[in-house]
Every structure is written in structure tokens, then in C-alpha cells.
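K.L.:
This is run-v6.json, which holds JSON, N, CA, C and O atoms:
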[["chain", "number", "residue", "atom", "x", "y", "z"],
["A", 1, "MET", "N", -33.42, 43.51, -19.04],
["A", 1, "MET", "CA", -33.48, 44.51, -20.08],
["A", 1, "MET", "C", -32.36, 45.52, -19.82],
["A", 1, "MET", "O", -32.22, 46.03, -18.72],
["A", 2, "VAL", "N", -31.62, 45.87, -20.84],
["A", 2, "VAL", "CA", -30.48, 46.78, -20.70],
["A", 2, "VAL", "C", -30.92, 48.18, -20.31],
["A", 2, "VAL", "O", -30.32, 48.80, -19.43],
["A", 3, "ALA", "N", -31.98, 48.70, -20.91],
["A", 3, "ALA", "CA", -32.45, 50.05, -20.59],
["A", 3, "ALA", "C", -32.83, 50.16, -19.12],
["A", 3, "ALA", "O", -32.55, 51.16, -18.48],
["A", 4, "HIS", "N", -33.49, 49.13, -18.58],
["A", 4, "HIS", "CA", -33.88, 49.14, -17.18],
["A", 4, "HIS", "C", -32.65, 49.18, -16.28],
["A", 4, "HIS", "O", -32.61, 49.90, -15.30],
["A", 5, "ASN", "N", -31.62, 48.42, -16.61],
["A", 5, "ASN", "CA", -30.39, 48.42, -15.82],
["A", 5, "ASN", "C", -29.72, 49.78, -15.85],
["A", 5, "ASN", "O", -29.22, 50.26, -14.83],
["A", 6, "LEU", "N", -29.68, 50.43, -17.01],
["A", 6, "LEU", "CA", -29.09, 51.77, -17.11],
["A", 6, "LEU", "C", -29.88, 52.77, -16.29],
["A", 6, "LEU", "O", -29.30, 53.63, -15.61],
["A", 7, "ALA", "N", -31.20, 52.67, -16.33],
["A", 7, "ALA", "CA", -32.03, 53.59, -15.55],
["A", 7, "ALA", "C", -31.82, 53.37, -14.05],
["A", 7, "ALA", "O", -31.76, 54.33, -13.28],
["A", 8, "THR", "N", -31.69, 52.13, -13.64],
["A", 8, "THR", "CA", -31.45, 51.82, -12.23],
["A", 8, "THR", "C", -30.10, 52.38, -11.78],
["A", 8, "THR", "O", -30.00, 52.99, -10.71],
["A", 9, "GLU", "N", -29.08, 52.19, -12.59],
["A", 9, "GLU", "CA", -27.75, 52.74, -12.26],
["A", 9, "GLU", "C", -27.80, 54.26, -12.17],
["A", 9, "GLU", "O", -27.23, 54.86, -11.26],
["A", 10, "TRP", "N", -28.51, 54.91, -13.12],
["A", 10, "TRP", "CA", -28.62, 56.36, -13.11],
["A", 10, "TRP", "C", -29.34, 56.81, -11.83],
["A", 10, "TRP", "O", -28.93, 57.78, -11.18],
["A", 11, "ALA", "N", -30.41, 56.11, -11.46],
["A", 11, "ALA", "CA", -31.18, 56.46, -10.27],
["A", 11, "ALA", "C", -30.31, 56.39, -9.02],
["A", 11, "ALA", "O", -30.38, 57.26, -8.15],
["A", 12, "ILE", "N", -29.47, 55.38, -8.92],
["A", 12, "ILE", "CA", -28.59, 55.24, -7.75],
["A", 12, "ILE", "C", -27.60, 56.39, -7.69],
["A", 12, "ILE", "O", -27.37, 56.97, -6.62],
["A", 13, "ARG", "N", -27.01, 56.77, -8.82],
["A", 13, "ARG", "CA", -26.02, 57.85, -8.85],
["A", 13, "ARG", "C", -26.63, 59.23, -8.57],
["A", 13, "ARG", "O", -25.95, 60.13, -8.11],
["A", 14, "ASN", "N", -27.91, 59.42, -8.86],
["A", 14, "ASN", "CA", -28.55, 60.73, -8.74],
["A", 14, "ASN", "C", -29.60, 60.77, -7.65],
["A", 14, "ASN", "O", -30.56, 61.53, -7.72],
["A", 15, "ARG", "N", -29.39, 59.99, -6.61],
["A", 15, "ARG", "CA", -30.37, 59.84, -5.53],
["A", 15, "ARG", "C", -30.77, 61.18, -4.88],
["A", 15, "ARG", "O", -31.93, 61.40, -4.61],
["A", 16, "GLY", "N", -29.85, 62.09, -4.64],
["A", 16, "GLY", "CA", -30.18, 63.31, -3.91],
["A", 16, "GLY", "C", -30.36, 64.55, -4.78],
["A", 16, "GLY", "O", -30.50, 65.65, -4.26],
["A", 17, "VAL", "N", -30.37, 64.40, -6.11],
["A", 17, "VAL", "CA", -30.48, 65.55, -7.02],
["A", 17, "VAL", "C", -31.95, 65.88, -7.25],
["A", 17, "VAL", "O", -32.68, 65.08, -7.81],
["A", 18, "PRO", "N", -32.41, 67.08, -6.82],
["A", 18, "PRO", "CA", -33.82, 67.43, -7.03],
["A", 18, "PRO", "C", -34.08, 67.83, -8.48],
["A", 18, "PRO", "O", -33.17, 68.21, -9.20],
["A", 19, "GLY", "N", -35.34, 67.73, -8.91],
["A", 19, "GLY", "CA", -35.68, 68.15, -10.26],
["A", 19, "GLY", "C", -37.07, 67.69, -10.67],
["A", 19, "GLY", "O", -37.85, 67.21, -9.87],
["A", 20, "THR", "N", -37.33, 67.85, -11.96],
["A", 20, "THR", "CA", -38.60, 67.45, -12.57],
["A", 20, "THR", "C", -38.29, 66.37, -13.59],
["A", 20, "THR", "O", -37.23, 66.38, -14.21],
["A", 21, "TYR", "N", -39.22, 65.44, -13.79],
["A", 21, "TYR", "CA", -38.98, 64.34, -14.72],
["A", 21, "TYR", "C", -40.24, 64.06, -15.52],
["A", 21, "TYR", "O", -41.34, 64.47, -15.16],
["A", 22, "VAL", "N", -40.07, 63.36, -16.64],
["A", 22, "VAL", "CA", -41.18, 62.94, -17.49],
["A", 22, "VAL", "C", -41.02, 61.45, -17.77],
["A", 22, "VAL", "O", -39.96, 61.00, -18.19],
["A", 23, "LEU", "N", -42.07, 60.68, -17.49],
["A", 23, "LEU", "CA", -42.09, 59.25, -17.82],
["A", 23, "LEU", "C", -42.91, 59.05, -19.09],
["A", 23, "LEU", "O", -44.01, 59.61, -19.21],
["A", 24, "LEU", "N", -42.40, 58.28, -20.01],
["A", 24, "LEU", "CA", -43.13, 57.90, -21.21],
["A", 24, "LEU", "C", -43.66, 56.49, -20.98],
["A", 24, "LEU", "O", -42.88, 55.57, -20.72],
["A", 25, "VAL", "N", -44.98, 56.34, -21.05],
["A", 25, "VAL", "CA", -45.61, 55.04, -20.83],
["A", 25, "VAL", "C", -46.28, 54.63, -22.13],
["A", 25, "VAL", "O", -47.08, 55.39, -22.68],
["A", 26, "SER", "N", -45.96, 53.45, -22.62],
["A", 26, "SER", "CA", -46.55, 52.93, -23.85],
["A", 26, "SER", "C", -47.54, 51.84, -23.50],
["A", 26, "SER", "O", -47.18, 50.85, -22.86],
["A", 27, "LEU", "N", -48.78, 52.02, -23.91],
["A", 27, "LEU", "CA", -49.84, 51.06, -23.62],
["A", 27, "LEU", "C", -50.19, 50.35, -24.92],
["A", 27, "LEU", "O", -50.65, 50.99, -25.87],
["A", 28, "GLY", "N", -49.95, 49.04, -24.98],
["A", 28, "GLY", "CA", -50.10, 48.28, -26.22],
["A", 28, "GLY", "C", -51.54, 47.99, -26.62],
["A", 28, "GLY", "O", -51.81, 47.69, -27.78],
["A", 29, "CYS", "N", -52.46, 48.06, -25.67],
["A", 29, "CYS", "CA", -53.87, 47.80, -25.99],
["A", 29, "CYS", "C", -54.74, 48.61, -25.03],
["A", 29, "CYS", "O", -54.27, 49.09, -24.01],
["A", 30, "ASP", "N", -56.01, 48.77, -25.39],
["A", 30, "ASP", "CA", -56.94, 49.48, -24.52],
["A", 30, "ASP", "C", -56.98, 48.77, -23.16],
["A", 30, "ASP", "O", -56.87, 47.54, -23.09],
["A", 31, "ALA", "N", -57.13, 49.56, -22.09],
["A", 31, "ALA", "CA", -57.12, 48.94, -20.76],
["A", 31, "ALA", "C", -57.91, 49.79, -19.78],
["A", 31, "ALA", "O", -58.04, 51.00, -19.95],
["A", 32, "ARG", "N", -58.42, 49.13, -18.76],
["A", 32, "ARG", "CA", -59.03, 49.81, -17.62],
["A", 32, "ARG", "C", -58.05, 49.63, -16.48],
["A", 32, "ARG", "O", -57.71, 48.50, -16.11],
["A", 33, "ILE", "N", -57.60, 50.75, -15.90],
["A", 33, "ILE", "CA", -56.54, 50.72, -14.89],
["A", 33, "ILE", "C", -57.01, 51.46, -13.65],
["A", 33, "ILE", "O", -57.55, 52.57, -13.75],
["A", 34, "HIS", "N", -56.79, 50.87, -12.48],
["A", 34, "HIS", "CA", -57.14, 51.52, -11.21],
["A", 34, "HIS", "C", -56.05, 52.53, -10.87],
["A", 34, "HIS", "O", -54.87, 52.18, -10.78],
["A", 35, "ILE", "N", -56.43, 53.81, -10.70],
["A", 35, "ILE", "CA", -55.50, 54.89, -10.41],
["A", 35, "ILE", "C", -55.84, 55.49, -9.05],
["A", 35, "ILE", "O", -56.51, 56.52, -8.95],
["A", 36, "GLY", "N", -55.42, 54.84, -7.99],
["A", 36, "GLY", "CA", -55.60, 55.35, -6.64],
["A", 36, "GLY", "C", -56.99, 55.89, -6.37],
["A", 36, "GLY", "O", -57.99, 55.26, -6.68],
["A", 37, "SER", "N", -57.05, 57.09, -5.81],
["A", 37, "SER", "CA", -58.33, 57.69, -5.42],
["A", 37, "SER", "C", -59.17, 58.13, -6.61],
["A", 37, "SER", "O", -60.34, 58.44, -6.46],
["A", 38, "LEU", "N", -58.58, 58.14, -7.81],
["A", 38, "LEU", "CA", -59.35, 58.48, -9.02],
["A", 38, "LEU", "C", -60.26, 57.33, -9.45],
["A", 38, "LEU", "O", -61.17, 57.52, -10.24],
["A", 39, "GLY", "N", -59.97, 56.14, -8.96],
["A", 39, "GLY", "CA", -60.77, 54.98, -9.32],
["A", 39, "GLY", "C", -60.25, 54.30, -10.58],
["A", 39, "GLY", "O", -59.10, 54.48, -10.97],
["A", 40, "THR", "N", -61.12, 53.53, -11.23],
["A", 40, "THR", "CA", -60.74, 52.81, -12.44],
["A", 40, "THR", "C", -61.06, 53.67, -13.64],
["A", 40, "THR", "O", -62.19, 54.12, -13.81],
["A", 41, "LEU", "N", -60.05, 53.89, -14.48],
["A", 41, "LEU", "CA", -60.19, 54.73, -15.67],
["A", 41, "LEU", "C", -59.90, 53.92, -16.92],
["A", 41, "LEU", "O", -59.12, 52.97, -16.89],
["A", 42, "SER", "N", -60.53, 54.31, -18.03],
["A", 42, "SER", "CA", -60.28, 53.66, -19.31],
["A", 42, "SER", "C", -59.21, 54.42, -20.07],
["A", 42, "SER", "O", -59.24, 55.66, -20.15],
["A", 43, "PHE", "N", -58.25, 53.68, -20.64],
["A", 43, "PHE", "CA", -57.18, 54.26, -21.43],
["A", 43, "PHE", "C", -57.15, 53.57, -22.79],
["A", 43, "PHE", "O", -57.23, 52.34, -22.86],
["A", 44, "GLU", "N", -57.04, 54.34, -23.86],
["A", 44, "GLU", "CA", -56.86, 53.76, -25.19],
["A", 44, "GLU", "C", -55.40, 53.42, -25.38],
["A", 44, "GLU", "O", -54.52, 54.03, -24.77],
["A", 45, "ALA", "N", -55.12, 52.45, -26.25],
["A", 45, "ALA", "CA", -53.75, 52.09, -26.56],
["A", 45, "ALA", "C", -53.03, 53.33, -27.10],
["A", 45, "ALA", "O", -53.62, 54.16, -27.78],
["A", 46, "GLY", "N", -51.77, 53.47, -26.75],
["A", 46, "GLY", "CA", -50.99, 54.61, -27.22],
["A", 46, "GLY", "C", -49.91, 54.98, -26.22],
["A", 46, "GLY", "O", -49.61, 54.22, -25.30],
["A", 47, "CYS", "N", -49.34, 56.15, -26.42],
["A", 47, "CYS", "CA", -48.27, 56.65, -25.55],
["A", 47, "CYS", "C", -48.82, 57.74, -24.64],
["A", 47, "CYS", "O", -49.61, 58.58, -25.08],
["A", 48, "TYR", "N", -48.39, 57.72, -23.39],
["A", 48, "TYR", "CA", -48.80, 58.70, -22.40],
["A", 48, "TYR", "C", -47.57, 59.27, -21.73],
["A", 48, "TYR", "O", -46.56, 58.58, -21.57],
["A", 49, "LEU", "N", -47.64, 60.54, -21.34],
["A", 49, "LEU", "CA", -46.57, 61.19, -20.60],
["A", 49, "LEU", "C", -47.05, 61.49, -19.20],
["A", 49, "LEU", "O", -48.18, 61.95, -19.00],
["A", 50, "TYR", "N", -46.19, 61.23, -18.22],
["A", 50, "TYR", "CA", -46.46, 61.57, -16.82],
["A", 50, "TYR", "C", -45.36, 62.52, -16.37],
["A", 50, "TYR", "O", -44.18, 62.19, -16.48],
["A", 51, "VAL", "N", -45.73, 63.69, -15.90],
["A", 51, "VAL", "CA", -44.76, 64.67, -15.43],
["A", 51, "VAL", "C", -44.83, 64.71, -13.91],
["A", 51, "VAL", "O", -45.90, 64.81, -13.33],
["A", 52, "GLY", "N", -43.66, 64.61, -13.28],
["A", 52, "GLY", "CA", -43.61, 64.61, -11.82],
["A", 52, "GLY", "C", -42.45, 65.44, -11.31],
["A", 52, "GLY", "O", -41.56, 65.80, -12.05],
["A", 53, "SER", "N", -42.50, 65.74, -10.03],
["A", 53, "SER", "CA", -41.40, 66.47, -9.41],
["A", 53, "SER", "C", -40.75, 65.57, -8.37],
["A", 53, "SER", "O", -41.38, 64.68, -7.81],
["A", 54, "ALA", "N", -39.49, 65.82, -8.15],
["A", 54, "ALA", "CA", -38.72, 65.00, -7.21],
["A", 54, "ALA", "C", -37.86, 65.92, -6.36],
["A", 54, "ALA", "O", -36.66, 66.01, -6.54],
["A", 55, "LEU", "N", -38.50, 66.63, -5.46],
["A", 55, "LEU", "CA", -37.76, 67.58, -4.62],
["A", 55, "LEU", "C", -36.80, 66.87, -3.68],
["A", 55, "LEU", "O", -35.77, 67.41, -3.30],
["A", 56, "GLY", "N", -37.11, 65.62, -3.34],
["A", 56, "GLY", "CA", -36.23, 64.84, -2.47],
["A", 56, "GLY", "C", -35.12, 64.13, -3.23],
["A", 56, "GLY", "O", -34.25, 63.52, -2.62],
["A", 57, "GLY", "N", -35.16, 64.18, -4.54],
["A", 57, "GLY", "CA", -34.11, 63.56, -5.34],
["A", 57, "GLY", "C", -34.66, 62.77, -6.51],
["A", 57, "GLY", "O", -35.56, 61.95, -6.35],
["A", 58, "LEU", "N", -34.14, 63.07, -7.70],
["A", 58, "LEU", "CA", -34.59, 62.37, -8.91],
["A", 58, "LEU", "C", -34.31, 60.88, -8.85],
["A", 58, "LEU", "O", -35.14, 60.07, -9.24],
["A", 59, "GLY", "N", -33.14, 60.53, -8.35],
["A", 59, "GLY", "CA", -32.78, 59.11, -8.31],
["A", 59, "GLY", "C", -33.74, 58.29, -7.47],
["A", 59, "GLY", "O", -34.17, 57.20, -7.88],
["A", 60, "ALA", "N", -34.11, 58.81, -6.31],
["A", 60, "ALA", "CA", -35.03, 58.09, -5.44],
["A", 60, "ALA", "C", -36.41, 57.96, -6.08],
["A", 60, "ALA", "O", -37.04, 56.90, -6.04],
["A", 61, "ARG", "N", -36.88, 59.03, -6.71],
["A", 61, "ARG", "CA", -38.20, 59.01, -7.34],
["A", 61, "ARG", "C", -38.23, 58.07, -8.54],
["A", 61, "ARG", "O", -39.14, 57.25, -8.68],
["A", 62, "ILE", "N", -37.24, 58.16, -9.42],
["A", 62, "ILE", "CA", -37.20, 57.28, -10.59],
["A", 62, "ILE", "C", -37.01, 55.83, -10.14],
["A", 62, "ILE", "O", -37.63, 54.92, -10.68],
["A", 63, "GLY", "N", -36.17, 55.63, -9.13],
["A", 63, "GLY", "CA", -35.98, 54.29, -8.59],
["A", 63, "GLY", "C", -37.29, 53.69, -8.11],
["A", 63, "GLY", "O", -37.57, 52.51, -8.31],
["A", 64, "ARG", "N", -38.13, 54.49, -7.48],
["A", 64, "ARG", "CA", -39.44, 54.01, -7.02],
["A", 64, "ARG", "C", -40.31, 53.60, -8.20],
["A", 64, "ARG", "O", -40.97, 52.57, -8.16],
["A", 65, "HIS", "N", -40.31, 54.42, -9.26],
["A", 65, "HIS", "CA", -41.11, 54.07, -10.45],
["A", 65, "HIS", "C", -40.63, 52.75, -11.06],
["A", 65, "HIS", "O", -41.43, 52.00, -11.61],
["A", 66, "LEU", "N", -39.34, 52.47, -10.97],
["A", 66, "LEU", "CA", -38.79, 51.25, -11.57],
["A", 66, "LEU", "C", -39.10, 50.00, -10.76],
["A", 66, "LEU", "O", -39.12, 48.90, -11.31],
["A", 67, "ARG", "N", -39.34, 50.15, -9.45],
["A", 67, "ARG", "CA", -39.61, 48.98, -8.61],
["A", 67, "ARG", "C", -40.98, 48.38, -8.92],
["A", 67, "ARG", "O", -41.95, 49.10, -9.11],
["A", 68, "THR", "N", -41.04, 47.07, -8.95],
["A", 68, "THR", "CA", -42.33, 46.41, -9.16],
["A", 68, "THR", "C", -43.06, 46.18, -7.84],
["A", 68, "THR", "O", -44.28, 46.13, -7.80],
["A", 69, "ARG", "N", -42.31, 46.06, -6.74],
["A", 69, "ARG", "CA", -42.91, 45.86, -5.41],
["A", 69, "ARG", "C", -42.72, 47.14, -4.61],
["A", 69, "ARG", "O", -41.60, 47.52, -4.32],
["A", 70, "LYS", "N", -43.81, 47.83, -4.30],
["A", 70, "LYS", "CA", -43.73, 49.06, -3.53],
["A", 70, "LYS", "C", -45.07, 49.31, -2.83],
["A", 70, "LYS", "O", -46.11, 48.84, -3.26],
["A", 71, "ARG", "N", -45.02, 50.07, -1.78],
["A", 71, "ARG", "CA", -46.25, 50.46, -1.08],
["A", 71, "ARG", "C", -46.91, 51.58, -1.86],
["A", 71, "ARG", "O", -46.25, 52.57, -2.24],
["A", 72, "LEU", "N", -48.20, 51.47, -2.11],
["A", 72, "LEU", "CA", -48.93, 52.51, -2.82],
["A", 72, "LEU", "C", -49.39, 53.57, -1.81],
["A", 72, "LEU", "O", -49.87, 53.24, -0.73],
["A", 73, "HIS", "N", -49.25, 54.83, -2.17],
["A", 73, "HIS", "CA", -49.55, 55.93, -1.25],
["A", 73, "HIS", "C", -50.98, 56.45, -1.33],
["A", 73, "HIS", "O", -51.45, 57.09, -0.43],
["A", 74, "TRP", "N", -51.67, 56.20, -2.44],
["A", 74, "TRP", "CA", -52.96, 56.84, -2.60],
["A", 74, "TRP", "C", -53.97, 56.14, -1.75],
["A", 74, "TRP", "O", -54.76, 55.42, -2.03]]
Take the structure I supplied and represent it as C-alpha cells, if you would.
P.N.:
Amino acid sequence: MVAHNLATEWAIRNRGVPGTYVLLVSLGCDARIHIGSLGTLSFEAGCYLYVGSALGGLGARIGRHLRTRKRLHW
């Protein structure tokens, strides 16, 4: 996907830049999703926003969100 490649390139270039970011997540159908220590939650289909901070660097944080294989911290 072209957008994913552009985001990955941006993440690499901005690895040490601190800041705040917003992820837009589109959920195509209702789902029950396990969210760490919060447990399993029900979500209706639609768009969701996640706001996060990246004091260690936006590129590193966004890069982590883009990876499919990662260690979960919760």
C-alpha cells in the first residue's frame, strides 16, 4: 500500500522528533477487541481517533504502530 510506505518513510526521517499524534482507525464492522488490561471491549463499526504522545520521538512511535509484529506492553 502506498500510504503505508509513505508513513514508514516519514517515521524513519522523524525518529527523534518529540510531539503528539492522532491515529484514525476505521472499523468496517462491529467487533469485540481485547485491549490490554482493559479486557475485551465491544466496538461498533465506524471511525475512531486515538491520541498519543511521543516524547521519545514521533517517528519511533508511529513506526511501532505500523509494525504488525511487536511486543505488547500492557
K.L.:
Using only C-alpha atoms, which of A:Thr68, A:Gly46, A:Ala60, A:Leu24 sits nearest Ile12 in chain A?
P.N.:
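The closest residue to Ile12 in chain A is A:Ala60.
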K.L.:
Just list the residues in chain A DSSP gives helix (DSSP H, G or I) on the backbone, as a list in words.
P.N.:
Val2, Ala3, His4, Asn5, Leu6, Ala7, Thr8, Glu9, Trp10, Ala11, Ile12, Arg13, Gly36, Ser37, Leu38, Leu58, Gly59, Ala60, Arg61, Ile62, Gly63, Arg64, His65 and Leu66 of chain A
K.L.:
For Leu66 in chain A, list every protein, DNA or RNA residue within 8 Å, evaluated using only N, CA, C and O atoms, and leave out those in the same chain fewer than 4 positions away; present the list as an MDAnalysis selection string.
P.N.:
chainID A and resid 4 7:8 59:62
K.L.:
Show me, as a list in words, the residues that have an atom within 7 Å of Glu44 in chain A when counting only N, CA, C and O atoms, minus same-chain residues fewer than 5 positions from it.
P.N.:
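In the requested form, the answer reads Leu27, Gly28, Cys29, Asp30 and Ala31 of chain A.
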K.L.:
What lies within 7 Å of Gly52 in chain A using only C-alpha atoms, ignoring chain neighbours under 5 positions off, as a list in words?
P.N.:
Thr20, Tyr21 and Val22 of chain A
K.L.:
For the residues in the current selection, export N, CA, C and O atoms as a PDB file, in the frame of the given file.
P.N.:
ATOM      1  N   THR A  20     -37.330  67.850 -11.960  1.00  0.00           N
ATOM      2  CA  THR A  20     -38.600  67.450 -12.570  1.00  0.00           C
ATOM      3  C   THR A  20     -38.290  66.370 -13.590  1.00  0.00           C
ATOM      4  O   THR A  20     -37.230  66.380 -14.210  1.00  0.00           O
ATOM      5  N   TYR A  21     -39.220  65.440 -13.790  1.00  0.00           N
ATOM      6  CA  TYR A  21     -38.980  64.340 -14.720  1.00  0.00           C
ATOM      7  C   TYR A  21     -40.240  64.060 -15.520  1.00  0.00           C
ATOM      8  O   TYR A  21     -41.340  64.470 -15.160  1.00  0.00           O
ATOM      9  N   VAL A  22     -40.070  63.360 -16.640  1.00  0.00           N
ATOM     10  CA  VAL A  22     -41.180  62.940 -17.490  1.00  0.00           C
ATOM     11  C   VAL A  22     -41.020  61.450 -17.770  1.00  0.00           C
ATOM     12  O   VAL A  22     -39.960  61.000 -18.190  1.00  0.00           O
TER      13      VAL A  22
END
K.L.:
Can you give me all heavy atoms for range 30-39 of chain A, written as a PDB file, keeping the file's coordinate frame?
P.N.:
ATOM      1  N   ASP A  30     -56.010  48.770 -25.390  1.00  0.00           N
ATOM      2  CA  ASP A  30     -56.940  49.480 -24.520  1.00  0.00           C
ATOM      3  C   ASP A  30     -56.980  48.770 -23.160  1.00  0.00           C
ATOM      4  O   ASP A  30     -56.870  47.540 -23.090  1.00  0.00           O
ATOM      5  CB  ASP A  30     -58.348  49.493 -25.109  1.00  0.00           C
ATOM      6  CG  ASP A  30     -58.446  50.301 -26.399  1.00  0.00           C
ATOM      7  OD1 ASP A  30     -57.451  50.944 -26.787  1.00  0.00           O
ATOM      8  OD2 ASP A  30     -59.521  50.283 -27.015  1.00  0.00           O
ATOM      9  N   ALA A  31     -57.130  49.560 -22.090  1.00  0.00           N
ATOM     10  CA  ALA A  31     -57.120  48.940 -20.760  1.00  0.00           C
ATOM     11  C   ALA A  31     -57.910  49.790 -19.780  1.00  0.00           C
ATOM     12  O   ALA A  31     -58.040  51.000 -19.950  1.00  0.00           O
ATOM     13  CB  ALA A  31     -55.690  48.776 -20.265  1.00  0.00           C
ATOM     14  N   ARG A  32     -58.420  49.130 -18.760  1.00  0.00           N
ATOM     15  CA  ARG A  32     -59.030  49.810 -17.620  1.00  0.00           C
ATOM     16  C   ARG A  32     -58.050  49.630 -16.480  1.00  0.00           C
ATOM     17  O   ARG A  32     -57.710  48.500 -16.110  1.00  0.00           O
ATOM     18  CB  ARG A  32     -60.402  49.237 -17.308  1.00  0.00           C
ATOM     19  CG  ARG A  32     -61.417  49.558 -18.406  1.00  0.00           C
ATOM     20  CD  ARG A  32     -62.811  49.026 -18.136  1.00  0.00           C
ATOM     21  NE  ARG A  32     -63.339  49.269 -16.815  1.00  0.00           N
ATOM     22  CZ  ARG A  32     -63.915  50.408 -16.398  1.00  0.00           C
ATOM     23  NH1 ARG A  32     -64.012  51.423 -17.216  1.00  0.00           N
ATOM     24  NH2 ARG A  32     -64.378  50.519 -15.178  1.00  0.00           N
ATOM     25  N   ILE A  33     -57.600  50.750 -15.900  1.00  0.00           N
ATOM     26  CA  ILE A  33     -56.540  50.720 -14.890  1.00  0.00           C
ATOM     27  C   ILE A  33     -57.010  51.460 -13.650  1.00  0.00           C
ATOM     28  O   ILE A  33     -57.550  52.570 -13.750  1.00  0.00           O
ATOM     29  CB  ILE A  33     -55.237  51.344 -15.436  1.00  0.00           C
ATOM     30  CG1 ILE A  33     -54.801  50.601 -16.704  1.00  0.00           C
ATOM     31  CG2 ILE A  33     -54.138  51.328 -14.382  1.00  0.00           C
ATOM     32  CD1 ILE A  33     -53.650  51.260 -17.431  1.00  0.00           C
ATOM     33  N   HIS A  34     -56.790  50.870 -12.480  1.00  0.00           N
ATOM     34  CA  HIS A  34     -57.140  51.520 -11.210  1.00  0.00           C
ATOM     35  C   HIS A  34     -56.050  52.530 -10.870  1.00  0.00           C
ATOM     36  O   HIS A  34     -54.870  52.180 -10.780  1.00  0.00           O
ATOM     37  CB  HIS A  34     -57.283  50.494 -10.089  1.00  0.00           C
ATOM     38  CG  HIS A  34     -57.750  51.114  -8.819  1.00  0.00           C
ATOM     39  ND1 HIS A  34     -59.066  51.456  -8.607  1.00  0.00           N
ATOM     40  CD2 HIS A  34     -57.079  51.489  -7.719  1.00  0.00           C
ATOM     41  CE1 HIS A  34     -59.169  52.002  -7.415  1.00  0.00           C
ATOM     42  NE2 HIS A  34     -57.973  52.035  -6.846  1.00  0.00           N
ATOM     43  N   ILE A  35     -56.430  53.810 -10.700  1.00  0.00           N
ATOM     44  CA  ILE A  35     -55.500  54.890 -10.410  1.00  0.00           C
ATOM     45  C   ILE A  35     -55.840  55.490  -9.050  1.00  0.00           C
ATOM     46  O   ILE A  35     -56.510  56.520  -8.950  1.00  0.00           O
ATOM     47  CB  ILE A  35     -55.554  56.002 -11.503  1.00  0.00           C
ATOM     48  CG1 ILE A  35     -55.448  55.432 -12.903  1.00  0.00           C
ATOM     49  CG2 ILE A  35     -54.491  57.063 -11.249  1.00  0.00           C
ATOM     50  CD1 ILE A  35     -54.093  54.859 -13.244  1.00  0.00           C
ATOM     51  N   GLY A  36     -55.420  54.840  -7.990  1.00  0.00           N
ATOM     52  CA  GLY A  36     -55.600  55.350  -6.640  1.00  0.00           C
ATOM     53  C   GLY A  36     -56.990  55.890  -6.370  1.00  0.00           C
ATOM     54  O   GLY A  36     -57.990  55.260  -6.680  1.00  0.00           O
ATOM     55  N   SER A  37     -57.050  57.090  -5.810  1.00  0.00           N
ATOM     56  CA  SER A  37     -58.330  57.690  -5.420  1.00  0.00           C
ATOM     57  C   SER A  37     -59.170  58.130  -6.610  1.00  0.00           C
ATOM     58  O   SER A  37     -60.340  58.440  -6.460  1.00  0.00           O
ATOM     59  CB  SER A  37     -58.089  58.874  -4.483  1.00  0.00           C
ATOM     60  OG  SER A  37     -57.354  59.879  -5.150  1.00  0.00           O
ATOM     61  N   LEU A  38     -58.580  58.140  -7.810  1.00  0.00           N
ATOM     62  CA  LEU A  38     -59.350  58.480  -9.020  1.00  0.00           C
ATOM     63  C   LEU A  38     -60.260  57.330  -9.450  1.00  0.00           C
ATOM     64  O   LEU A  38     -61.170  57.520 -10.240  1.00  0.00           O
ATOM     65  CB  LEU A  38     -58.407  58.837 -10.175  1.00  0.00           C
ATOM     66  CG  LEU A  38     -57.554  60.082  -9.992  1.00  0.00           C
ATOM     67  CD1 LEU A  38     -56.609  60.247 -11.186  1.00  0.00           C
ATOM     68  CD2 LEU A  38     -58.426  61.318  -9.832  1.00  0.00           C
ATOM     69  N   GLY A  39     -59.970  56.140  -8.960  1.00  0.00           N
ATOM     70  CA  GLY A  39     -60.770  54.980  -9.320  1.00  0.00           C
ATOM     71  C   GLY A  39     -60.250  54.300 -10.580  1.00  0.00           C
ATOM     72  O   GLY A  39     -59.100  54.480 -10.970  1.00  0.00           O
TER      73      GLY A  39
END
